[in-house]
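Student: There's a structure below that I have some questions on.
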Amino acid sequence: MTSAPRRLATRRQILAGSAAVAFSGAFTELFAGTAVARGHSGYGPLLPDPDGLLDLPKGFRYRVLSREGDPLRSGEGTVPSNHDGMAAFAGRNGRVHLVRNHENRVTGKIGVPTVEGLTYDPMGKGGCTALELDSRGDVRGERVAIAGTAVNCAGGPTPWNTWLTCEETEDKAGTNGYEKDHGFIFEVDGADPRRTGAVPLTAMGRFQHEAIAVDPENGVVYETEDAFDRPFGLFYRFLPEKPLGGTGSLRAGGTLEAMRVPGVPDLSLIQETGASFDRVEWVPVPDPQAAVTPIRLQDFGPKGVTHAQKLEGCYWGGSSVYFVSSFARSAEGSAADHFGQVWRYEPALRRLTLVIVFGPDTDVQLPGESPDNICLASGGGLMVCEDGGGAQHVLGVTRRGEVYPMARGRQNIGTADEPEWGEFAGVTFSPDGRTMFVNCYTPGTTFAVTGPWR
């Protein structure tokens, strides 16, 4: 292992724009080898929105594309609740297809309408909806893309322009009224959902999935697990039988493996930005279906595997996969505390590096620090959604390490004692980079943001 001097940054520094010095060394590595490598110092202060929905910098505008409770344009029902992970895909004649998750449990306020041929388990309220935008950004269609799934949190795009939606649950048939086992990944074609239907990709594992990223060179799929209890989740890779085989190819199966970092049972133990490990190992999962025992509790041999609390966002950039641990709390069983980590794994070198760690600030509520959904930003850098109660920002991160607020939500509801989850999720950019799409979880709202992107 090699390590660099410890660098921690607090949420107060980020929102005040004073974290650039702390991050500058770490974030040089974050964008190494990516095609989107320019940086800038942000877009200035956020201006209050007179409509009370979304604060943005000067020169930026938003439009609301869709809100929960509104009629779906397809006539299939109403827009479901709990907007979460999302991706944008290029369509014909300048059109854009958005595929949007709905993280509904059985208690979800508005479930995804069941549609014949697109429903996995009629008792599941989760799933995806798909929006079609024309070249002007106007919504021309909105329909169910998959239904009858459960707790669809995040996912990720494939190189062949489909969306892999992930169930963040391990509930089996008979639990909560479900008729089928849950905890799977499903492939969704936003342009033509009936091409993909509602088929669980069982070989990719049954666990509390969060997000995925696909290596565009060899088709390996990396998966994060956001397990809520000890031992916490694992970081996985799936080796498909038909790599890069296009729509439906992941149904052919493959091999699921879990990451082992020798000598590191819990990633929260690593608190030094730049710390790296050069001999990462991958261990076959004994029972990917978790028929009796959840995967993270299975026997991986005397050396075990590496766990981490709140493994969430995941994306591919350059020659590496990046993934996020939103936070770690020793009071909940983690080996150490932090307010968020971003990790980089380089498959060619079998090397894992801690790109950045967010440090504690006792004056700030812990969940407000936590990075969750993450994507490459238009013109360079990252966009990161905060997670948890009180989390109301989309944060930008430049290649030079400057962290700045990009958007602030104003429509949270509830009280401090009984908050509604109003965090942002699903941040993504249109294929031409001119529009940022992002969801507010509750009340479920999908925004399109345009402006002078650099």
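Here's how to read the names in the structure tokens: chain A, B, ... by the order shown, residue numbers from 1 in each chain, ligand numbers from 1 in the order shown.
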Mind checking which residues fall within 10 Å of Asn93 (chain A), counting only C-alpha atoms, ignoring those fewer than 2 positions away in the same chain, and posting them as a list in words?

Tutor: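 Once the adjacent positions are removed, what remains is Ala90, Gly91, Arg95, Val96, Asp134 and Ser135 of chain A.
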
Student: If we count only C-alpha atoms, what is near Pro57 (chain A) at a cut-off of 8 Å, once residues fewer than 5 positions away on the same chain are taken out, given as a PyMOL selection string?

Tutor: chain A and resi 43-47+406-407

Student: Neighbouring residues of region 305-319 of chain A were defined as those with any atom within 7 Å, considering only C-alpha atoms; residues of the same chain fewer than 5 positions away were excluded. Please report them as a PyMOL selection string.

Tutor: chain A and resi 33-35+210-215+224-227+231-234+258-261+264-268+300+324-328+334+346+372-375

Student: As a PyMOL selection string, list the residues of region 221-304 of chain A assigned to helix (DSSP H, G or I) by DSSP on the backbone atoms of this structure.

Tutor: chain A and resi 249-252+267-269+295-297

Student: Keeping only C-alpha atoms, write those residues as a PDB file, in the first residue's frame.

Tutor:
ATOM      1  CA  SER A 249     -27.119 -10.850 -23.888  1.00  0.00           C
ATOM      2  CA  LEU A 250     -26.773 -10.685 -20.088  1.00  0.00           C
ATOM      3  CA  ARG A 251     -29.507 -13.306 -19.799  1.00  0.00           C
ATOM      4  CA  ALA A 252     -26.932 -15.863 -20.978  1.00  0.00           C
ATOM      5  CA  LEU A 267     -13.013   0.223   3.375  1.00  0.00           C
ATOM      6  CA  SER A 268     -13.907   2.789   6.051  1.00  0.00           C
ATOM      7  CA  LEU A 269     -10.582   1.967   7.740  1.00  0.00           C
ATOM      8  CA  ILE A 295     -24.201 -13.127  -0.276  1.00  0.00           C
ATOM      9  CA  ARG A 296     -22.367 -10.822   2.144  1.00  0.00           C
ATOM     10  CA  LEU A 297     -22.812 -13.473   4.883  1.00  0.00           C
TER      11      LEU A 297
END

Student: Fewer than 2 positions away in the same chain doesn't count, so skip those; otherwise give me all residues within 10 Å of Met436 (chain A), counting only C-alpha atoms, as a ChimeraX atom specification.

Tutor: /A:62,88,377-378,383,427-431,433-434,438,447-451,453

Student: With all heavy atoms kept, could you save the residues just selected as a short mmCIF file (atom, residue, chain, number, x, y, z; two decimals), in the first residue's frame?

Tutor:
data_model
loop_
_atom_site.label_atom_id
_atom_site.label_comp_id
_atom_site.auth_asym_id
_atom_site.auth_seq_id
_atom_site.Cartn_x
_atom_site.Cartn_y
_atom_site.Cartn_z
N TYR A 62 -34.49 26.06 -15.61
CA TYR A 62 -34.98 24.69 -15.52
C TYR A 62 -36.40 24.62 -16.05
O TYR A 62 -37.12 25.63 -16.14
CB TYR A 62 -34.95 24.19 -14.07
CG TYR A 62 -35.99 24.79 -13.16
CD1 TYR A 62 -37.29 24.28 -13.11
CD2 TYR A 62 -35.69 25.89 -12.34
CE1 TYR A 62 -38.26 24.83 -12.28
CE2 TYR A 62 -36.64 26.45 -11.51
CZ TYR A 62 -37.93 25.91 -11.49
OH TYR A 62 -38.89 26.47 -10.67
N ALA A 88 -29.87 9.02 -19.70
CA ALA A 88 -30.38 9.61 -20.94
C ALA A 88 -29.70 8.93 -22.13
O ALA A 88 -28.49 8.71 -22.13
CB ALA A 88 -30.11 11.11 -20.96
N ALA A 377 -19.71 15.34 -15.76
CA ALA A 377 -20.45 16.56 -16.06
C ALA A 377 -20.14 17.06 -17.47
O ALA A 377 -19.09 16.77 -18.04
CB ALA A 377 -20.11 17.64 -15.05
N SER A 378 -21.06 17.84 -18.00
CA SER A 378 -20.84 18.47 -19.29
C SER A 378 -19.66 19.42 -19.20
O SER A 378 -19.61 20.28 -18.32
CB SER A 378 -22.10 19.24 -19.71
OG SER A 378 -21.90 19.90 -20.93
N MET A 383 -20.74 15.67 -11.45
CA MET A 383 -21.90 16.14 -10.72
C MET A 383 -22.25 15.06 -9.70
O MET A 383 -22.28 13.87 -10.04
CB MET A 383 -23.09 16.41 -11.64
CG MET A 383 -22.94 17.65 -12.49
SD MET A 383 -22.91 19.17 -11.51
CE MET A 383 -22.40 20.35 -12.78
N VAL A 427 -28.79 12.14 -11.40
CA VAL A 427 -28.22 13.19 -12.24
C VAL A 427 -27.56 12.57 -13.47
O VAL A 427 -26.84 11.57 -13.38
CB VAL A 427 -27.22 14.05 -11.43
CG1 VAL A 427 -26.02 13.24 -10.95
CG2 VAL A 427 -26.76 15.26 -12.24
N THR A 428 -27.84 13.15 -14.63
CA THR A 428 -27.30 12.65 -15.89
C THR A 428 -27.37 13.77 -16.91
O THR A 428 -28.08 14.77 -16.71
CB THR A 428 -28.09 11.41 -16.37
OG1 THR A 428 -27.44 10.82 -17.49
CG2 THR A 428 -29.52 11.77 -16.75
N PHE A 429 -26.64 13.63 -18.01
CA PHE A 429 -26.62 14.65 -19.06
C PHE A 429 -27.15 14.08 -20.37
O PHE A 429 -27.02 12.89 -20.65
CB PHE A 429 -25.20 15.20 -19.27
CG PHE A 429 -24.82 16.25 -18.26
CD1 PHE A 429 -24.37 15.89 -17.01
CD2 PHE A 429 -24.95 17.59 -18.56
CE1 PHE A 429 -24.04 16.86 -16.06
CE2 PHE A 429 -24.63 18.57 -17.63
CZ PHE A 429 -24.17 18.20 -16.38
N SER A 430 -27.74 14.96 -21.16
CA SER A 430 -28.19 14.58 -22.50
C SER A 430 -26.98 14.18 -23.33
O SER A 430 -25.84 14.59 -23.05
CB SER A 430 -28.93 15.74 -23.16
OG SER A 430 -28.08 16.88 -23.28
N PRO A 431 -27.16 13.38 -24.37
CA PRO A 431 -26.02 12.95 -25.18
C PRO A 431 -25.21 14.10 -25.75
O PRO A 431 -23.99 13.97 -25.95
CB PRO A 431 -26.69 12.13 -26.30
CG PRO A 431 -27.93 11.60 -25.66
CD PRO A 431 -28.41 12.71 -24.77
N GLY A 433 -24.71 16.93 -24.20
CA GLY A 433 -24.12 17.66 -23.08
C GLY A 433 -24.76 18.99 -22.78
O GLY A 433 -24.28 19.72 -21.90
N ARG A 434 -25.85 19.34 -23.42
CA ARG A 434 -26.44 20.67 -23.26
C ARG A 434 -27.48 20.75 -22.14
O ARG A 434 -27.87 21.84 -21.73
CB ARG A 434 -27.08 21.12 -24.57
CG ARG A 434 -26.08 21.31 -25.69
CD ARG A 434 -26.79 21.72 -26.98
NE ARG A 434 -25.84 21.90 -28.08
CZ ARG A 434 -26.18 22.21 -29.32
NH1 ARG A 434 -27.48 22.36 -29.61
NH2 ARG A 434 -25.27 22.34 -30.25
N VAL A 438 -32.12 15.79 -13.68
CA VAL A 438 -31.95 15.36 -12.29
C VAL A 438 -33.33 15.19 -11.67
O VAL A 438 -34.29 15.89 -12.04
CB VAL A 438 -31.09 16.37 -11.49
CG1 VAL A 438 -31.79 17.70 -11.29
CG2 VAL A 438 -30.64 15.77 -10.16
N PHE A 447 -36.36 17.26 -13.41
CA PHE A 447 -35.99 18.57 -13.94
C PHE A 447 -35.06 18.42 -15.14
O PHE A 447 -34.24 17.49 -15.21
CB PHE A 447 -35.24 19.38 -12.88
CG PHE A 447 -36.03 19.75 -11.67
CD1 PHE A 447 -35.94 19.01 -10.49
CD2 PHE A 447 -36.87 20.87 -11.67
CE1 PHE A 447 -36.65 19.36 -9.36
CE2 PHE A 447 -37.59 21.23 -10.54
CZ PHE A 447 -37.49 20.47 -9.38
N ALA A 448 -35.15 19.37 -16.05
CA ALA A 448 -34.17 19.55 -17.12
C ALA A 448 -33.54 20.93 -16.93
O ALA A 448 -34.26 21.92 -16.86
CB ALA A 448 -34.82 19.45 -18.49
N VAL A 449 -32.22 20.99 -16.81
CA VAL A 449 -31.51 22.24 -16.55
C VAL A 449 -30.64 22.59 -17.74
O VAL A 449 -29.81 21.77 -18.19
CB VAL A 449 -30.63 22.12 -15.27
CG1 VAL A 449 -29.85 23.41 -15.03
CG2 VAL A 449 -31.50 21.77 -14.07
N THR A 450 -30.82 23.80 -18.26
CA THR A 450 -30.00 24.27 -19.38
C THR A 450 -29.33 25.57 -18.98
O THR A 450 -29.76 26.27 -18.07
CB THR A 450 -30.87 24.51 -20.63
OG1 THR A 450 -31.94 25.41 -20.29
CG2 THR A 450 -31.47 23.21 -21.15
N GLY A 451 -28.26 25.89 -19.70
CA GLY A 451 -27.53 27.11 -19.38
C GLY A 451 -26.16 27.12 -20.03
O GLY A 451 -25.85 26.29 -20.89
N TRP A 453 -23.21 25.90 -20.02
CA TRP A 453 -22.26 24.87 -19.60
C TRP A 453 -20.89 25.11 -20.22
O TRP A 453 -20.79 25.45 -21.39
CB TRP A 453 -22.77 23.48 -20.00
CG TRP A 453 -24.08 23.09 -19.39
CD1 TRP A 453 -25.28 23.01 -20.01
CD2 TRP A 453 -24.33 22.75 -18.02
NE1 TRP A 453 -26.26 22.63 -19.15
CE2 TRP A 453 -25.71 22.46 -17.90
CE3 TRP A 453 -23.52 22.64 -16.89
CZ2 TRP A 453 -26.28 22.07 -16.69
CZ3 TRP A 453 -24.10 22.26 -15.69
CH2 TRP A 453 -25.46 21.98 -15.60
#

Student: Would you list the contacts of Gly333 (chain A) as a VMD selection string, taking every protein, DNA or RNA residue within 8 Å and counting only C-alpha atoms, but skipping same-chain residues closer than 3 positions in sequence?

Tutor: chain A and resid 230 329 to 330

Student: Please run DSSP on the backbone and report, as JSON, numbers by chain, all residues within region 160-315 of chain A that come out as strand (DSSP E).

Tutor: {"A": [163, 164, 165, 166, 167, 185, 186, 187, 188, 209, 210, 211, 212, 213, 214, 221, 222, 223, 224, 225, 235, 236, 237, 238, 239, 240, 254, 255, 256, 257, 258, 259, 260, 276, 277, 281, 282, 283, 284, 311, 312, 313, 314, 315]}

Student: What does the structure give for the distance between CA of Cys385 (chain A) and CA of Thr398 (chain A), in Å to one decimal?

Tutor: 14.8 Å

Student: Kindly indicate which residue among A:Ala275, A:Val79, A:Val283, A:Leu382 lies nearest to Leu395 (chain A), using only C-alpha atoms for the distances.

Tutor: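 Going through A:Ala275, A:Val79, A:Val283, A:Leu382 one by one, the smallest distance to Leu395 (chain A) is for A:Leu382.
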
Student: Near Glu170 (chain A), within 6 Å and counting only C-alpha atoms, which residues show up once chain neighbours fewer than 6 positions away are dropped, as a VMD selection string?

Tutor: chain A and resid 182 to 183 207 to 208

Student: For the residues in the current selection, export N, CA, C and O atoms as an mmCIF file, in the first residue's frame.

Tutor:
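Full text of result.cif as output:
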data_model
loop_
_atom_site.group_PDB
_atom_site.id
_atom_site.type_symbol
_atom_site.label_atom_id
_atom_site.label_comp_id
_atom_site.auth_asym_id
_atom_site.auth_seq_id
_atom_site.Cartn_x
_atom_site.Cartn_y
_atom_site.Cartn_z
ATOM 1 N N HIS A 182 -37.146 -11.126 -4.970
ATOM 2 C CA HIS A 182 -36.630 -9.841 -5.445
ATOM 3 C C HIS A 182 -35.166 -9.684 -5.024
ATOM 4 O O HIS A 182 -34.644 -10.443 -4.233
ATOM 5 N N GLY A 183 -34.533 -8.650 -5.587
ATOM 6 C CA GLY A 183 -33.115 -8.426 -5.333
ATOM 7 C C GLY A 183 -32.279 -8.603 -6.578
ATOM 8 O O GLY A 183 -31.089 -8.919 -6.515
ATOM 9 N N PHE A 207 -29.155 -9.507 -4.302
ATOM 10 C CA PHE A 207 -28.741 -8.778 -3.102
ATOM 11 C C PHE A 207 -29.290 -7.364 -3.189
ATOM 12 O O PHE A 207 -30.045 -7.046 -4.112
ATOM 13 N N GLN A 208 -28.948 -6.515 -2.224
ATOM 14 C CA GLN A 208 -29.443 -5.142 -2.198
ATOM 15 C C GLN A 208 -28.620 -4.287 -3.163
ATOM 16 O O GLN A 208 -27.735 -3.537 -2.771
#

Student: So that I can check the surroundings of Pro262 (chain A), please list as number ranges by chain every protein, DNA and RNA residue that reaches within 8 Å of it, counting only C-alpha atoms and ignoring chain neighbours fewer than 4 positions away.

Tutor: A: 279-281, 303

Student: Please, could you write that set of residues out with N, CA and C atoms as a compact mmCIF listing (two decimals), in the first residue's frame?

Tutor:
# COMPACT_ATOMS: atom_id res chain seq x y z
N ARG A 279 -2.87 -5.10 -5.28
CA ARG A 279 -3.09 -6.54 -5.52
C ARG A 279 -4.53 -6.92 -5.14
N VAL A 280 -5.47 -6.21 -5.70
CA VAL A 280 -6.87 -6.51 -5.44
C VAL A 280 -7.20 -7.90 -6.00
N GLU A 281 -7.96 -8.66 -5.25
CA GLU A 281 -8.35 -10.01 -5.64
C GLU A 281 -9.86 -10.08 -5.85
N LYS A 303 -9.73 -15.85 4.28
CA LYS A 303 -9.32 -14.46 4.03
C LYS A 303 -10.51 -13.51 3.90

Student: Enter the distance from CA of Ile110 (chain A) to CA of Thr165 (chain A), in Å, rounded to one decimal.

Tutor: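 Atom-to-atom, CA of Ile110 (chain A) to CA of Thr165 (chain A), that is 18.6 Å.
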